[in-house]
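Student: What follows is target-v4.csv; its format and atoms are CSV, N, CA and C atoms.
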```
chain,number,residue,atom,x,y,z
A,1,MET,N,0.8,-1.2,0.0
A,1,MET,CA,0.0,0.0,0.0
A,1,MET,C,0.9,1.2,0.0
A,2,HIS,N,0.5,2.2,-0.7
A,2,HIS,CA,1.2,3.5,-0.8
A,2,HIS,C,0.2,4.6,-0.3
A,3,TYR,N,0.7,5.4,0.6
A,3,TYR,CA,-0.1,6.5,1.1
A,3,TYR,C,0.7,7.8,0.9
A,4,ARG,N,0.0,8.9,0.8
A,4,ARG,CA,0.6,10.2,0.6
A,4,ARG,C,1.4,10.6,1.8
A,5,TYR,N,1.0,10.3,3.0
A,5,TYR,CA,1.7,10.7,4.2
A,5,TYR,C,2.3,9.5,4.9
A,6,PRO,N,3.5,9.6,5.5
A,6,PRO,CA,4.2,8.5,6.1
A,6,PRO,C,3.5,7.9,7.4
A,7,PHE,N,2.6,8.7,8.0
A,7,PHE,CA,2.0,8.2,9.3
A,7,PHE,C,0.6,7.7,9.0
A,8,ILE,N,0.4,6.5,9.2
A,8,ILE,CA,-1.0,5.9,9.1
A,8,ILE,C,-1.3,5.2,10.4
A,9,TYR,N,-2.4,5.5,11.1
A,9,TYR,CA,-2.7,4.9,12.4
A,9,TYR,C,-1.6,5.1,13.4
A,10,GLY,N,-0.9,6.2,13.3
A,10,GLY,CA,0.1,6.5,14.3
A,10,GLY,C,1.4,5.7,14.2
A,11,GLN,N,1.5,5.0,13.1
A,11,GLN,CA,2.7,4.2,12.9
A,11,GLN,C,3.6,4.8,11.8
A,12,PRO,N,4.8,5.2,12.0
A,12,PRO,CA,5.7,5.7,11.0
A,12,PRO,C,6.2,4.7,10.0
A,13,ASP,N,6.4,5.1,8.8
A,13,ASP,CA,7.1,4.2,7.8
A,13,ASP,C,8.6,4.2,8.3
A,14,THR,N,9.0,3.1,8.7
A,14,THR,CA,10.4,2.9,9.3
A,14,THR,C,11.4,3.1,8.2
A,15,ARG,N,11.1,3.0,7.0
A,15,ARG,CA,12.1,3.3,5.9
A,15,ARG,C,12.3,4.8,5.7
A,16,GLN,N,11.3,5.6,6.1
A,16,GLN,CA,11.4,7.1,5.9
A,16,GLN,C,11.7,7.8,7.2
A,17,PHE,N,11.5,7.2,8.3
A,17,PHE,CA,11.6,7.9,9.6
A,17,PHE,C,13.1,8.2,9.9
A,18,PRO,N,13.4,9.4,10.3
A,18,PRO,CA,14.8,9.9,10.5
A,18,PRO,C,15.3,9.4,11.9
A,19,LEU,N,15.5,8.1,12.0
A,19,LEU,CA,15.9,7.4,13.3
A,19,LEU,C,17.1,8.0,13.9
A,20,ALA,N,18.2,8.3,13.1
A,20,ALA,CA,19.4,8.8,13.6
A,20,ALA,C,19.2,10.2,14.2
A,21,THR,N,18.4,11.0,13.5
A,21,THR,CA,18.1,12.4,14.0
A,21,THR,C,17.3,12.3,15.3
A,22,TRP,N,16.3,11.4,15.3
A,22,TRP,CA,15.5,11.2,16.5
A,22,TRP,C,16.3,10.8,17.7
A,23,ARG,N,17.2,9.8,17.5
A,23,ARG,CA,18.1,9.4,18.6
A,23,ARG,C,19.0,10.5,19.1
A,24,SER,N,19.5,11.3,18.1
A,24,SER,CA,20.4,12.4,18.5
A,24,SER,C,19.6,13.4,19.3
A,25,ALA,N,18.4,13.7,18.9
A,25,ALA,CA,17.6,14.7,19.7
A,25,ALA,C,17.3,14.1,21.1
A,26,ALA,N,16.9,12.9,21.1
A,26,ALA,CA,16.6,12.2,22.4
A,26,ALA,C,17.8,12.3,23.4
A,27,ASN,N,19.0,11.9,22.8
A,27,ASN,CA,20.2,12.0,23.6
A,27,ASN,C,20.5,13.4,24.1
A,28,TRP,N,20.3,14.4,23.3
A,28,TRP,CA,20.6,15.8,23.7
A,28,TRP,C,19.6,16.2,24.8
A,29,LEU,N,18.3,15.8,24.6
A,29,LEU,CA,17.3,16.1,25.6
A,29,LEU,C,17.6,15.5,27.0
A,30,HIS,N,18.0,14.3,27.0
A,30,HIS,CA,18.2,13.5,28.2
A,30,HIS,C,19.6,13.8,28.9
A,31,GLY,N,20.5,14.4,28.2
A,31,GLY,CA,21.8,14.6,28.7
A,31,GLY,C,22.0,16.1,29.1
A,32,GLY,N,23.1,16.4,29.8
A,32,GLY,CA,23.4,17.7,30.1
A,32,GLY,C,22.5,18.4,31.2
A,33,VAL,N,22.8,19.6,31.4
A,33,VAL,CA,22.1,20.4,32.4
A,33,VAL,C,20.9,21.2,31.8
A,34,ARG,N,19.8,21.1,32.4
A,34,ARG,CA,18.6,21.8,31.9
A,34,ARG,C,18.1,22.8,32.9
A,35,ASP,N,17.4,23.8,32.5
A,35,ASP,CA,16.8,24.8,33.3
A,35,ASP,C,15.8,24.0,34.2
A,36,PRO,N,15.9,24.1,35.6
A,36,PRO,CA,15.0,23.4,36.5
A,36,PRO,C,13.6,23.8,36.3
A,37,ALA,N,13.3,25.0,35.8
A,37,ALA,CA,11.9,25.4,35.6
A,37,ALA,C,11.2,24.6,34.5
A,38,TRP,N,12.0,24.0,33.6
A,38,TRP,CA,11.4,23.2,32.6
A,38,TRP,C,10.9,21.9,33.0
A,39,VAL,N,11.4,21.3,34.1
A,39,VAL,CA,11.1,20.0,34.5
A,39,VAL,C,10.4,19.9,35.9
A,40,ILE,N,10.1,21.0,36.4
A,40,ILE,CA,9.3,21.0,37.7
A,40,ILE,C,7.9,20.4,37.5
A,41,ASP,N,7.5,19.5,38.3
A,41,ASP,CA,6.2,19.0,38.3
A,41,ASP,C,5.3,19.7,39.3
A,42,HIS,N,4.4,20.5,38.8
A,42,HIS,CA,3.6,21.4,39.7
A,42,HIS,C,2.5,20.6,40.3
A,43,ILE,N,2.2,19.4,39.9
A,43,ILE,CA,1.2,18.5,40.4
A,43,ILE,C,-0.2,19.2,40.4
A,44,ASP,N,-0.5,19.9,41.4
A,44,ASP,CA,-1.8,20.5,41.6
A,44,ASP,C,-1.8,22.0,41.5
A,45,GLN,N,-0.8,22.5,40.9
A,45,GLN,CA,-0.7,24.0,40.8
A,45,GLN,C,-0.6,24.4,39.3
A,46,ASP,N,-1.0,25.7,39.1
A,46,ASP,CA,-0.8,26.2,37.7
A,46,ASP,C,0.7,26.3,37.4
A,47,VAL,N,1.0,26.2,36.2
A,47,VAL,CA,2.4,26.4,35.7
A,47,VAL,C,2.5,27.9,35.3
A,48,PRO,N,3.3,28.6,36.1
A,48,PRO,CA,3.4,30.1,35.8
A,48,PRO,C,3.8,30.4,34.4
A,49,MET,N,4.8,29.8,33.9
A,49,MET,CA,5.3,30.1,32.5
A,49,MET,C,4.2,29.8,31.5
A,50,LEU,N,3.4,28.7,31.7
A,50,LEU,CA,2.3,28.4,30.7
A,50,LEU,C,1.2,29.4,30.8
A,51,ILE,N,0.9,29.8,32.0
A,51,ILE,CA,-0.2,30.8,32.2
A,51,ILE,C,0.3,32.1,31.6
A,52,GLU,N,1.5,32.5,31.7
A,52,GLU,CA,2.0,33.8,31.1
A,52,GLU,C,1.9,33.7,29.6
A,53,GLN,N,2.3,32.5,29.0
A,53,GLN,CA,2.2,32.4,27.5
A,53,GLN,C,0.8,32.5,27.0
A,54,ILE,N,-0.1,31.8,27.8
A,54,ILE,CA,-1.6,31.9,27.4
A,54,ILE,C,-2.1,33.3,27.5
A,55,ARG,N,-1.7,34.0,28.6
A,55,ARG,CA,-2.2,35.4,28.9
A,55,ARG,C,-1.7,36.3,27.8
A,56,THR,N,-0.4,36.2,27.4
A,56,THR,CA,0.2,37.2,26.5
A,56,THR,C,0.1,36.8,25.0
A,57,ARG,N,-0.1,35.5,24.7
A,57,ARG,CA,-0.1,35.1,23.3
A,57,ARG,C,-1.4,34.6,22.8
A,58,VAL,N,-2.1,33.7,23.6
A,58,VAL,CA,-3.3,33.1,23.1
A,58,VAL,C,-4.5,33.9,23.3
A,59,LEU,N,-4.7,34.4,24.5
A,59,LEU,CA,-5.9,35.2,24.8
A,59,LEU,C,-6.0,36.5,23.9
A,60,PRO,N,-5.0,37.3,23.8
A,60,PRO,CA,-5.1,38.5,22.9
A,60,PRO,C,-5.5,38.2,21.5
A,61,LYS,N,-5.2,37.1,20.9
A,61,LYS,CA,-5.6,36.7,19.6
A,61,LYS,C,-7.1,36.5,19.5
A,62,ARG,N,-7.7,36.2,20.7
A,62,ARG,CA,-9.1,36.0,20.8
A,62,ARG,C,-9.9,37.2,21.3
A,63,GLY,N,-9.1,38.3,21.4
A,63,GLY,CA,-9.8,39.5,21.9
A,63,GLY,C,-9.9,39.6,23.4
A,64,ILE,N,-9.2,38.8,24.1
A,64,ILE,CA,-9.3,38.8,25.6
A,64,ILE,C,-8.0,39.3,26.2
A,65,CYS,N,-8.1,40.4,27.0
A,65,CYS,CA,-6.9,41.0,27.6
A,65,CYS,C,-7.0,40.8,29.1
A,66,ARG,N,-5.9,40.3,29.7
A,66,ARG,CA,-5.8,40.0,31.1
A,66,ARG,C,-4.5,40.5,31.7
A,67,ARG,N,-4.6,41.1,32.9
A,67,ARG,CA,-3.4,41.5,33.5
A,67,ARG,C,-2.8,40.4,34.3
A,68,ALA,N,-1.5,40.4,34.6
A,68,ALA,CA,-0.8,39.4,35.3
A,68,ALA,C,-1.4,39.3,36.7
A,69,GLY,N,-1.5,38.1,37.3
A,69,GLY,CA,-2.1,38.0,38.6
A,69,GLY,C,-3.5,37.7,38.5
```
Take the structure in the file and write it out as structure tokens.
Tutor:
Amino acid sequence: MHYRYPFIYGQPDTRQFPLATWRSAANWLHGGVRDPAWVIDHIDQDVPMLIEQIRTRVLPKRGICRRAG
């Protein structure tokens, strides 16, 4: 079967999938030092950086303006 797009039912065509690039990116992400703010699990709290992005980027595009806090 030939499909226009490589992903069918969530399964990549392994002949076309950039496996080496994927592995390189995964190794980069899992290694080294990262900003602790990126990996904090807030569990039952709002994520301040996400709230700020929504407030300053998403809501204004919908005509909603909110102040911080």
Student: Write down as a VMD selection string the residues of chain A whose backbone DSSP state falls under helix (DSSP H, G or I).
Tutor: chain A and resid 19 to 30 36 to 39 48 to 61
Student: I want to know what sits within 12 Å of Glu52 in chain A, based on only C-alpha atoms, with residues of the same chain fewer than 4 positions away left out; could you give that as a list in words?
Tutor: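 Final neighbour list, sorted by chain and number: Asp46, Val47, Pro48, Thr56, Arg57, Val58, Leu59, Pro60, Cys65, Arg66, Arg67, Ala68 and Gly69 of chain A.
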Student: One decimal, in Å: what's the spacing between atom C of Arg4 in chain A and CA of Gln16 in chain A?
Tutor: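 Taking atom C of Arg4 in chain A and CA of Gln16 in chain A, their separation equals 11.4 Å.
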Student: At what distance in Å, to one decimal, does CA of Arg34 in chain A lie from CA of Ile51 in chain A?
Tutor: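 It comes out at 20.8 Å.
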Student: Give me, please, the distance in Å between atom C of Leu50 in chain A and atom C of Trp38 in chain A, quoted to one decimal.
Tutor: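 Between atom C of Leu50 in chain A and atom C of Trp38 in chain A the gap works out to 12.5 Å.
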